[in-house]
Each structure stands twice: as C-alpha cells, then as structure tokens.
file target_33.csv (CSV, N, CA, C and O atoms)
chain,number,residue,atom,x,y,z
S,1,MET,N,6.2,-51.3,-13.2
S,1,MET,CA,7.3,-50.9,-12.3
S,1,MET,C,6.8,-51.4,-10.9
S,1,MET,O,5.7,-51.2,-10.5
S,2,THR,N,7.7,-52.0,-10.2
S,2,THR,CA,7.4,-52.6,-8.9
S,2,THR,C,7.5,-51.5,-7.9
S,2,THR,O,8.0,-50.4,-8.1
S,3,ALA,N,7.0,-51.8,-6.7
S,3,ALA,CA,7.0,-50.8,-5.6
S,3,ALA,C,8.4,-50.4,-5.2
S,3,ALA,O,8.8,-49.3,-5.0
S,4,ARG,N,9.3,-51.4,-5.3
S,4,ARG,CA,10.7,-51.2,-4.9
S,4,ARG,C,11.4,-50.3,-6.0
S,4,ARG,O,12.1,-49.4,-5.6
S,5,GLU,N,11.1,-50.5,-7.2
S,5,GLU,CA,11.6,-49.6,-8.3
S,5,GLU,C,11.1,-48.2,-8.2
S,5,GLU,O,11.8,-47.2,-8.4
S,6,LEU,N,9.8,-48.1,-7.9
S,6,LEU,CA,9.2,-46.8,-7.7
S,6,LEU,C,9.9,-46.0,-6.5
S,6,LEU,O,10.2,-44.9,-6.6
S,7,ALA,N,10.0,-46.7,-5.4
S,7,ALA,CA,10.7,-46.1,-4.2
S,7,ALA,C,12.1,-45.7,-4.5
S,7,ALA,O,12.6,-44.6,-4.2
S,8,ALA,N,12.8,-46.6,-5.3
S,8,ALA,CA,14.2,-46.2,-5.7
S,8,ALA,C,14.2,-45.0,-6.5
S,8,ALA,O,15.1,-44.1,-6.4
S,9,SER,N,13.3,-44.8,-7.5
S,9,SER,CA,13.3,-43.7,-8.3
S,9,SER,C,13.0,-42.4,-7.6
S,9,SER,O,13.5,-41.3,-7.8
S,10,ILE,N,12.1,-42.5,-6.6
S,10,ILE,CA,11.7,-41.4,-5.7
S,10,ILE,C,12.9,-40.9,-4.9
S,10,ILE,O,13.3,-39.7,-4.8
S,11,ILE,N,13.6,-41.9,-4.3
S,11,ILE,CA,14.8,-41.6,-3.5
S,11,ILE,C,15.9,-41.0,-4.4
S,11,ILE,O,16.5,-40.0,-4.0
S,12,ALA,N,16.1,-41.5,-5.6
S,12,ALA,CA,17.1,-40.9,-6.5
S,12,ALA,C,16.7,-39.5,-6.9
S,12,ALA,O,17.6,-38.6,-6.9
S,13,GLU,N,15.4,-39.2,-7.1
S,13,GLU,CA,15.0,-37.8,-7.4
S,13,GLU,C,15.3,-36.9,-6.2
S,13,GLU,O,15.7,-35.8,-6.4
S,14,LEU,N,15.1,-37.4,-5.0
S,14,LEU,CA,15.3,-36.5,-3.8
S,14,LEU,C,16.8,-36.3,-3.6
S,14,LEU,O,17.2,-35.2,-3.2
S,15,ASP,N,17.6,-37.3,-3.9
S,15,ASP,CA,19.1,-37.2,-3.8
S,15,ASP,C,19.7,-36.3,-4.8
S,15,ASP,O,20.7,-35.7,-4.6
S,16,HIS,N,19.1,-36.2,-6.0
S,16,HIS,CA,19.7,-35.5,-7.1
S,16,HIS,C,18.6,-34.6,-7.7
S,16,HIS,O,17.9,-35.0,-8.7
S,17,PRO,N,18.4,-33.4,-7.2
S,17,PRO,CA,17.3,-32.6,-7.7
S,17,PRO,C,17.6,-32.1,-9.1
S,17,PRO,O,18.7,-32.0,-9.5
S,18,GLN,N,16.5,-32.0,-9.9
S,18,GLN,CA,16.6,-31.6,-11.2
S,18,GLN,C,16.2,-30.1,-11.3
S,18,GLN,O,15.0,-29.8,-10.9
S,19,TYR,N,17.0,-29.2,-11.8
S,19,TYR,CA,16.6,-27.8,-11.8
S,19,TYR,C,16.0,-27.5,-13.2
S,19,TYR,O,16.5,-27.9,-14.2
S,20,ASN,N,14.8,-26.9,-13.1
S,20,ASN,CA,14.0,-26.6,-14.2
S,20,ASN,C,13.3,-25.3,-13.9
S,20,ASN,O,12.3,-25.3,-13.1
S,21,SER,N,13.7,-24.2,-14.5
S,21,SER,CA,13.1,-22.9,-14.1
S,21,SER,C,11.6,-22.8,-14.4
S,21,SER,O,10.9,-22.2,-13.6
S,22,ASP,N,11.2,-23.4,-15.5
S,22,ASP,CA,9.7,-23.3,-15.8
S,22,ASP,C,8.9,-24.1,-14.8
S,22,ASP,O,7.9,-23.7,-14.3
S,23,ALA,N,9.4,-25.3,-14.4
S,23,ALA,CA,8.8,-26.1,-13.4
S,23,ALA,C,8.8,-25.4,-12.0
S,23,ALA,O,7.8,-25.4,-11.3
S,24,ALA,N,10.0,-24.8,-11.7
S,24,ALA,CA,10.1,-24.1,-10.5
S,24,ALA,C,9.1,-23.0,-10.4
S,24,ALA,O,8.4,-22.8,-9.3
S,25,LYS,N,8.9,-22.2,-11.4
S,25,LYS,CA,7.9,-21.1,-11.4
S,25,LYS,C,6.5,-21.7,-11.3
S,25,LYS,O,5.7,-21.1,-10.5
S,26,HIS,N,6.2,-22.8,-12.0
S,26,HIS,CA,4.9,-23.4,-11.9
S,26,HIS,C,4.6,-23.9,-10.5
S,26,HIS,O,3.5,-23.6,-9.9
S,27,TYR,N,5.5,-24.6,-9.9
S,27,TYR,CA,5.3,-25.2,-8.5
S,27,TYR,C,5.3,-24.1,-7.5
S,27,TYR,O,4.5,-24.1,-6.5
S,28,ARG,N,6.1,-23.0,-7.7
S,28,ARG,CA,6.1,-21.9,-6.8
S,28,ARG,C,4.7,-21.2,-6.8
S,28,ARG,O,4.1,-20.9,-5.8
S,29,ARG,N,4.1,-21.0,-8.0
S,29,ARG,CA,2.8,-20.4,-8.1
S,29,ARG,C,1.8,-21.3,-7.4
S,29,ARG,O,0.9,-20.8,-6.7
S,30,LEU,N,1.8,-22.6,-7.7
S,30,LEU,CA,0.9,-23.5,-7.1
S,30,LEU,C,1.0,-23.5,-5.6
S,30,LEU,O,0.0,-23.5,-4.8
S,31,ALA,N,2.2,-23.5,-5.1
S,31,ALA,CA,2.4,-23.5,-3.6
S,31,ALA,C,1.8,-22.2,-3.0
S,31,ALA,O,1.2,-22.3,-1.9
S,32,ILE,N,2.0,-21.1,-3.6
S,32,ILE,CA,1.5,-19.8,-3.1
S,32,ILE,C,0.0,-19.8,-3.1
S,32,ILE,O,-0.6,-19.5,-2.1
S,33,MET,N,-0.6,-20.3,-4.2
S,33,MET,CA,-2.1,-20.3,-4.2
S,33,MET,C,-2.6,-21.3,-3.2
S,33,MET,O,-3.6,-21.0,-2.5
S,34,ASP,N,-2.0,-22.5,-3.1
S,34,ASP,CA,-2.5,-23.5,-2.1
S,34,ASP,C,-2.4,-23.0,-0.7
S,34,ASP,O,-3.3,-23.2,0.1
S,35,TYR,N,-1.3,-22.3,-0.4
S,35,TYR,CA,-1.0,-21.8,0.9
S,35,TYR,C,-2.1,-20.7,1.3
S,35,TYR,O,-2.7,-20.8,2.4
S,36,ALA,N,-2.3,-19.8,0.4
S,36,ALA,CA,-3.3,-18.8,0.6
S,36,ALA,C,-4.7,-19.4,0.8
S,36,ALA,O,-5.5,-19.0,1.6
S,37,GLN,N,-5.0,-20.4,-0.1
S,37,GLN,CA,-6.3,-21.0,-0.1
S,37,GLN,C,-6.5,-21.8,1.3
S,37,GLN,O,-7.6,-21.8,1.8
S,38,ALA,N,-5.5,-22.4,1.8
S,38,ALA,CA,-5.6,-23.1,3.1
S,38,ALA,C,-6.0,-22.1,4.2
S,38,ALA,O,-6.8,-22.5,5.0
S,39,PHE,N,-5.4,-20.9,4.2
S,39,PHE,CA,-5.8,-19.9,5.2
S,39,PHE,C,-7.3,-19.5,4.9
S,39,PHE,O,-8.1,-19.4,5.9
S,40,LYS,N,-7.6,-19.1,3.7
S,40,LYS,CA,-8.9,-18.6,3.4
S,40,LYS,C,-10.0,-19.5,3.7
S,40,LYS,O,-11.0,-19.1,4.3
S,41,LEU,N,-9.8,-20.8,3.5
S,41,LEU,CA,-10.9,-21.8,3.8
S,41,LEU,C,-10.8,-22.4,5.2
S,41,LEU,O,-11.7,-23.2,5.5
S,42,ALA,N,-9.8,-22.1,5.9
S,42,ALA,CA,-9.7,-22.6,7.3
S,42,ALA,C,-10.9,-22.5,8.2
S,42,ALA,O,-11.3,-23.5,8.8
S,43,PRO,N,-11.6,-21.3,8.2
S,43,PRO,CA,-12.7,-21.2,9.0
S,43,PRO,C,-13.9,-22.2,8.7
S,43,PRO,O,-14.7,-22.5,9.6
S,44,SER,N,-14.0,-22.6,7.5
S,44,SER,CA,-15.1,-23.5,7.1
S,44,SER,C,-14.7,-25.0,7.0
S,44,SER,O,-15.5,-25.8,6.7
S,45,ARG,N,-13.4,-25.3,7.4
S,45,ARG,CA,-12.9,-26.6,7.4
S,45,ARG,C,-12.7,-27.2,8.8
S,45,ARG,O,-12.5,-26.4,9.7
S,46,THR,N,-12.6,-28.5,8.9
S,46,THR,CA,-12.2,-29.1,10.1
S,46,THR,C,-10.7,-28.9,10.3
S,46,THR,O,-10.0,-28.5,9.4
S,47,ALA,N,-10.2,-29.1,11.5
S,47,ALA,CA,-8.8,-29.0,11.8
S,47,ALA,C,-8.0,-29.9,11.0
S,47,ALA,O,-6.9,-29.6,10.4
S,48,ALA,N,-8.5,-31.1,10.8
S,48,ALA,CA,-7.8,-32.1,10.0
S,48,ALA,C,-7.7,-31.7,8.5
S,48,ALA,O,-6.7,-31.9,7.9
S,49,GLU,N,-8.8,-31.2,8.0
S,49,GLU,CA,-8.8,-30.7,6.6
S,49,GLU,C,-7.8,-29.6,6.4
S,49,GLU,O,-7.1,-29.5,5.4
S,50,THR,N,-7.8,-28.6,7.4
S,50,THR,CA,-6.9,-27.5,7.3
S,50,THR,C,-5.5,-28.0,7.3
S,50,THR,O,-4.6,-27.5,6.6
S,51,CYS,N,-5.2,-28.9,8.2
S,51,CYS,CA,-3.8,-29.5,8.3
S,51,CYS,C,-3.4,-30.1,7.0
S,51,CYS,O,-2.3,-29.9,6.6
S,52,ARG,N,-4.3,-30.9,6.4
S,52,ARG,CA,-4.0,-31.5,5.1
S,52,ARG,C,-3.7,-30.5,4.1
S,52,ARG,O,-2.8,-30.7,3.2
S,53,ALA,N,-4.5,-29.4,4.1
S,53,ALA,CA,-4.3,-28.4,3.1
S,53,ALA,C,-2.9,-27.7,3.2
S,53,ALA,O,-2.2,-27.5,2.2
S,54,PHE,N,-2.5,-27.5,4.4
S,54,PHE,CA,-1.1,-26.9,4.7
S,54,PHE,C,0.0,-27.9,4.3
S,54,PHE,O,1.0,-27.5,3.8
S,55,GLU,N,-0.3,-29.2,4.6
S,55,GLU,CA,0.7,-30.2,4.2
S,55,GLU,C,0.9,-30.3,2.7
S,55,GLU,O,2.0,-30.4,2.2
S,56,GLU,N,-0.3,-30.2,2.0
S,56,GLU,CA,-0.2,-30.2,0.5
S,56,GLU,C,0.6,-29.0,0.0
S,56,GLU,O,1.4,-29.1,-1.0
S,57,ALA,N,0.3,-27.9,0.6
S,57,ALA,CA,1.1,-26.7,0.2
S,57,ALA,C,2.6,-26.8,0.4
S,57,ALA,O,3.4,-26.4,-0.4
S,58,ALA,N,2.9,-27.4,1.6
S,58,ALA,CA,4.3,-27.6,2.0
S,58,ALA,C,5.0,-28.5,1.0
S,58,ALA,O,6.2,-28.3,0.6
S,59,LEU,N,4.3,-29.5,0.5
S,59,LEU,CA,4.9,-30.4,-0.5
S,59,LEU,C,5.2,-29.7,-1.8
S,59,LEU,O,6.2,-29.9,-2.4
S,60,LEU,N,4.3,-28.8,-2.2
S,60,LEU,CA,4.5,-28.0,-3.4
S,60,LEU,C,5.7,-27.0,-3.2
S,60,LEU,O,6.5,-26.8,-4.1
S,61,VAL,N,5.8,-26.5,-2.0
S,61,VAL,CA,6.9,-25.6,-1.7
S,61,VAL,C,8.2,-26.4,-1.9
S,61,VAL,O,9.2,-25.9,-2.5
S,62,GLU,N,8.3,-27.5,-1.3
S,62,GLU,CA,9.6,-28.3,-1.4
S,62,GLU,C,9.8,-28.7,-2.9
S,62,GLU,O,11.0,-28.7,-3.3
S,63,LYS,N,8.8,-29.0,-3.6
S,63,LYS,CA,9.0,-29.4,-5.0
S,63,LYS,C,9.5,-28.2,-5.8
S,63,LYS,O,10.4,-28.3,-6.6
S,64,ALA,N,8.9,-27.0,-5.5
S,64,ALA,CA,9.4,-25.8,-6.2
S,64,ALA,C,10.9,-25.5,-5.9
S,64,ALA,O,11.7,-25.2,-6.8
S,65,ILE,N,11.3,-25.7,-4.7
S,65,ILE,CA,12.7,-25.5,-4.3
S,65,ILE,C,13.6,-26.5,-4.9
S,65,ILE,O,14.6,-26.2,-5.4
S,66,ARG,N,13.1,-27.8,-5.0
S,66,ARG,CA,13.9,-28.8,-5.6
S,66,ARG,C,14.1,-28.5,-7.1
S,66,ARG,O,15.1,-28.9,-7.7
S,67,MET,N,13.1,-27.8,-7.7
S,67,MET,CA,13.2,-27.5,-9.1
S,67,MET,C,14.0,-26.2,-9.4
S,67,MET,O,14.2,-25.9,-10.5
S,68,GLY,N,14.4,-25.5,-8.3
S,68,GLY,CA,15.2,-24.4,-8.5
S,68,GLY,C,14.7,-23.0,-8.0
S,68,GLY,O,15.3,-22.0,-8.2
S,69,ALA,N,13.5,-23.0,-7.4
S,69,ALA,CA,12.9,-21.8,-6.9
S,69,ALA,C,13.8,-21.4,-5.7
S,69,ALA,O,14.2,-22.2,-4.9
S,70,GLY,N,13.9,-20.1,-5.5
S,70,GLY,CA,14.7,-19.6,-4.4
S,70,GLY,C,13.9,-19.8,-3.1
S,70,GLY,O,12.8,-19.3,-2.9
S,71,ARG,N,14.6,-20.5,-2.1
S,71,ARG,CA,13.9,-20.7,-0.8
S,71,ARG,C,13.6,-19.4,-0.1
S,71,ARG,O,12.5,-19.3,0.4
S,72,GLN,N,14.5,-18.5,0.0
S,72,GLN,CA,14.3,-17.3,0.8
S,72,GLN,C,13.2,-16.5,0.2
S,72,GLN,O,12.3,-16.0,0.9
S,73,SER,N,13.2,-16.3,-1.1
S,73,SER,CA,12.1,-15.5,-1.8
S,73,SER,C,10.8,-16.2,-1.5
S,73,SER,O,9.8,-15.5,-1.2
S,74,LEU,N,10.7,-17.5,-1.7
S,74,LEU,CA,9.4,-18.2,-1.5
S,74,LEU,C,9.0,-18.1,0.0
S,74,LEU,O,7.8,-17.8,0.3
S,75,GLU,N,9.9,-18.2,0.9
S,75,GLU,CA,9.5,-18.1,2.3
S,75,GLU,C,9.1,-16.7,2.7
S,75,GLU,O,8.2,-16.5,3.5
S,76,GLU,N,9.7,-15.7,2.1
S,76,GLU,CA,9.3,-14.3,2.3
S,76,GLU,C,7.8,-14.1,1.8
S,76,GLU,O,7.0,-13.5,2.5
S,77,THR,N,7.5,-14.6,0.7
S,77,THR,CA,6.2,-14.5,0.1
S,77,THR,C,5.2,-15.2,1.0
S,77,THR,O,4.1,-14.7,1.3
S,78,LEU,N,5.5,-16.4,1.4
S,78,LEU,CA,4.6,-17.2,2.3
S,78,LEU,C,4.4,-16.4,3.6
S,78,LEU,O,3.3,-16.5,4.2
S,79,SER,N,5.5,-15.8,4.1
S,79,SER,CA,5.4,-15.1,5.4
S,79,SER,C,4.4,-13.9,5.2
S,79,SER,O,3.6,-13.6,6.1
S,80,ARG,N,4.5,-13.2,4.1
S,80,ARG,CA,3.5,-12.1,3.9
S,80,ARG,C,2.1,-12.6,3.8
S,80,ARG,O,1.2,-12.0,4.3
S,81,ILE,N,1.9,-13.7,3.1
S,81,ILE,CA,0.6,-14.3,3.0
S,81,ILE,C,0.1,-14.7,4.4
S,81,ILE,O,-1.1,-14.4,4.7
S,82,ARG,N,0.9,-15.3,5.2
S,82,ARG,CA,0.6,-15.7,6.5
S,82,ARG,C,0.2,-14.5,7.4
S,82,ARG,O,-0.9,-14.5,8.1
S,83,ALA,N,0.9,-13.4,7.3
S,83,ALA,CA,0.6,-12.2,8.1
S,83,ALA,C,-0.7,-11.6,7.6
S,83,ALA,O,-1.5,-11.2,8.5
S,84,TYR,N,-0.9,-11.6,6.3
S,84,TYR,CA,-2.2,-11.0,5.8
S,84,TYR,C,-3.4,-11.8,6.3
S,84,TYR,O,-4.4,-11.3,6.8
S,85,TRP,N,-3.3,-13.1,6.1
S,85,TRP,CA,-4.5,-14.0,6.5
S,85,TRP,C,-4.7,-14.1,8.0
S,85,TRP,O,-5.8,-14.2,8.5
S,86,THR,N,-3.6,-14.1,8.8
S,86,THR,CA,-3.7,-14.1,10.2
S,86,THR,C,-4.4,-12.9,10.7
S,86,THR,O,-5.4,-13.0,11.5
S,87,GLU,N,-4.0,-11.7,10.2
S,87,GLU,CA,-4.7,-10.5,10.6
S,87,GLU,C,-6.2,-10.5,10.2
S,87,GLU,O,-7.1,-10.2,11.0
S,88,LYS,N,-6.4,-10.9,9.0
S,88,LYS,CA,-7.8,-10.9,8.4
S,88,LYS,C,-8.7,-11.9,9.2
S,88,LYS,O,-9.8,-11.5,9.5
S,89,LEU,N,-8.2,-13.1,9.5
S,89,LEU,CA,-9.0,-14.0,10.2
S,89,LEU,C,-9.2,-13.6,11.7
S,89,LEU,O,-10.3,-13.8,12.2
S,90,VAL,N,-8.2,-13.1,12.3
S,90,VAL,CA,-8.3,-12.6,13.7
S,90,VAL,C,-9.3,-11.5,13.8
S,90,VAL,O,-10.2,-11.5,14.6
S,91,ASN,N,-9.2,-10.5,12.9
S,91,ASN,CA,-10.1,-9.3,12.9
S,91,ASN,C,-11.5,-9.8,12.5
S,91,ASN,O,-12.4,-9.2,13.1
S,92,GLY,N,-11.6,-10.7,11.6
S,92,GLY,CA,-12.9,-11.2,11.2
S,92,GLY,C,-13.6,-11.9,12.3
S,92,GLY,O,-14.8,-11.8,12.5
S,93,HIS,N,-12.8,-12.6,13.1
S,93,HIS,CA,-13.3,-13.4,14.3
S,93,HIS,C,-13.8,-12.4,15.3
S,93,HIS,O,-14.9,-12.6,15.9
S,94,ARG,N,-13.0,-11.3,15.5
S,94,ARG,CA,-13.4,-10.3,16.5
S,94,ARG,C,-14.7,-9.6,16.1
S,94,ARG,O,-15.6,-9.3,16.9
S,95,GLU,N,-14.8,-9.2,14.8
S,95,GLU,CA,-16.0,-8.5,14.3
S,95,GLU,C,-17.2,-9.4,14.5
S,95,GLU,O,-18.3,-8.9,14.7
S,96,GLY,N,-17.1,-10.7,14.3
S,96,GLY,CA,-18.2,-11.7,14.4
S,96,GLY,C,-18.7,-11.7,15.8
S,96,GLY,O,-19.9,-12.0,16.1
S,97,ARG,N,-17.9,-11.4,16.9
S,97,ARG,CA,-18.3,-11.5,18.3
S,97,ARG,C,-19.0,-10.2,18.7
S,97,ARG,O,-19.8,-10.2,19.6
S,98,GLU,N,-18.7,-9.1,18.0
S,98,GLU,CA,-19.3,-7.8,18.4
S,98,GLU,C,-20.6,-7.5,17.8
S,98,GLU,O,-21.1,-8.1,17.0

call {"tool": "encode", "arguments": {"input": "target_33.csv", "output": "structure tokens"}}
result
Amino acid sequence: MTARELAASIIAELDHPQYNSDAAKHYRRLAIMDYAQAFKLAPSRTAAETCRAFEEAALLVEKAIRMGAGRQSLEETLSRIRAYWTEKLVNGHREGRE
C-alpha cells in the first residue's frame, strides 16, 4: 500500500465512522486507563512526556467515540478522574512541603 493509499483509507475512516459496540467498550476502557495513568505518573515524568501521555489518551477517546461510545458519558468519567487526580496531586504536593 502506498502512502497515498494509506492516507486515503485513513481519511475515509474519519469521514465514515464504523460503529462497533465491542470496540467502543474496549477503546473506552483503554482511554480511561491511559488518562488516569497520565495523571498518576505526571509527577515522575517530564512535561513533554506528560503531554504525550495525555495526547495518546485523547486519541483513544476519539477512537472510542468513533466506534460508538457515548461522548457525554465518557467526558463525565474523564472529568471525575481529572477531579480525583487533581485533588490528590495538589494535596500530595502540599503534604510534601510541610
């Protein structure tokens, strides 16, 4: 397959999402795990590594949505994860200074 053919197939997939509930569940699960892991490991990573981890999680989120996962439900779950880890990291940082 040439680069042009590959690009065309990727564009076609983006223009015409394929709904697959099993794949949507799988990618949703991966996105949630990667997102939480990005927060958890952020203190031990560089800013660039942390940014890449969040970018990879975002790609999984979009893939899950294209496969049929509910955007609102997934965003609510990610919001709860974000709130949990933000509080945990901020409080952990404060405790480390005292």

call {"tool": "residues_around", "arguments": {"input": "target_33.csv", "residues": "S:Leu78", "least_positions_apart": "4", "cutoff": "8 Å", "atoms": "only N, CA, C and O atoms", "output": "list in words"}}
result
Ala31, Ile32, Tyr35, Ala36, Arg71, Gln72, Ser73, Leu74, Arg82, Ala83, Tyr84 and Trp85 of chain S

call {"tool": "atom_distance", "arguments": {"input": "target_33.csv", "atom1": "atom C of S:Arg66", "atom2": "atom CA of S:Leu41"}}
result
28.1 Å

call {"tool": "select_by_dssp", "arguments": {"input": "target_33.csv", "residues": "chain S", "states": "alpha helix (DSSP H)", "output": "count of residues only"}}
result
81

call {"tool": "atom_distance", "arguments": {"input": "target_33.csv", "atom1": "atom CA of S:Tyr19", "atom2": "atom C of S:Ala64"}}
result
8.5 Å

call {"tool": "atom_distance", "arguments": {"input": "target_33.csv", "atom1": "atom O of S:Ala48", "atom2": "atom CA of S:Met33"}}
result
17.4 Å

call {"tool": "closest_residue", "arguments": {"input": "target_33.csv", "among": "S:Thr2, S:His26, S:Ala38, S:Gly70", "to": "S:Thr50", "atoms": "all atoms listed in the file"}}
result
S:Ala38

call {"tool": "closest_residue", "arguments": {"input": "target_33.csv", "among": "S:Met67, S:Cys51, S:Ala57, S:Leu6", "to": "S:Leu30", "atoms": "only N, CA, C and O atoms"}}
result
S:Ala57

call {"tool": "closest_residue", "arguments": {"input": "target_33.csv", "among": "S:Arg52, S:Ala58, S:Lys25, S:Phe39", "to": "S:Ile81", "atoms": "all atoms listed in the file"}}
result
S:Phe39

call {"tool": "closest_residue", "arguments": {"input": "target_33.csv", "among": "S:Ile65, S:Ala42, S:Ala7, S:Leu60", "to": "S:Thr86", "atoms": "only C-alpha atoms"}}
result
S:Ala42

call {"tool": "decode", "arguments": {"input": "target_33.csv", "residues": "stretch 64-85 of chain S", "atoms": "C-alpha atoms", "output": "short mmCIF file (atom, residue, chain, number, x, y, z; two decimals), in the first residue's frame"}}
result
data_model
loop_
_atom_site.label_atom_id
_atom_site.label_comp_id
_atom_site.auth_asym_id
_atom_site.auth_seq_id
_atom_site.Cartn_x
_atom_site.Cartn_y
_atom_site.Cartn_z
CA ALA S 64 -13.88 5.14 21.23
CA ILE S 65 -16.34 7.84 20.21
CA ARG S 66 -15.93 7.00 16.52
CA MET S 67 -16.67 3.36 17.36
CA GLY S 68 -19.90 4.38 19.11
CA ALA S 69 -19.03 5.18 22.74
CA GLY S 70 -21.17 7.94 24.18
CA ARG S 71 -19.24 11.21 24.21
CA GLN S 72 -21.08 12.71 27.18
CA SER S 73 -20.71 9.60 29.33
CA LEU S 74 -17.01 9.32 28.53
CA GLU S 75 -16.39 13.01 29.18
CA GLU S 76 -18.17 12.75 32.54
CA THR S 77 -15.98 9.81 33.51
CA LEU S 78 -12.83 11.66 32.47
CA SER S 79 -13.99 14.71 34.41
CA ARG S 80 -14.34 12.63 37.59
CA ILE S 81 -10.87 11.15 37.03
CA ARG S 82 -9.45 14.63 36.48
CA ALA S 83 -11.05 15.94 39.69
CA TYR S 84 -9.79 12.98 41.70
CA TRP S 85 -6.19 13.19 40.48
#
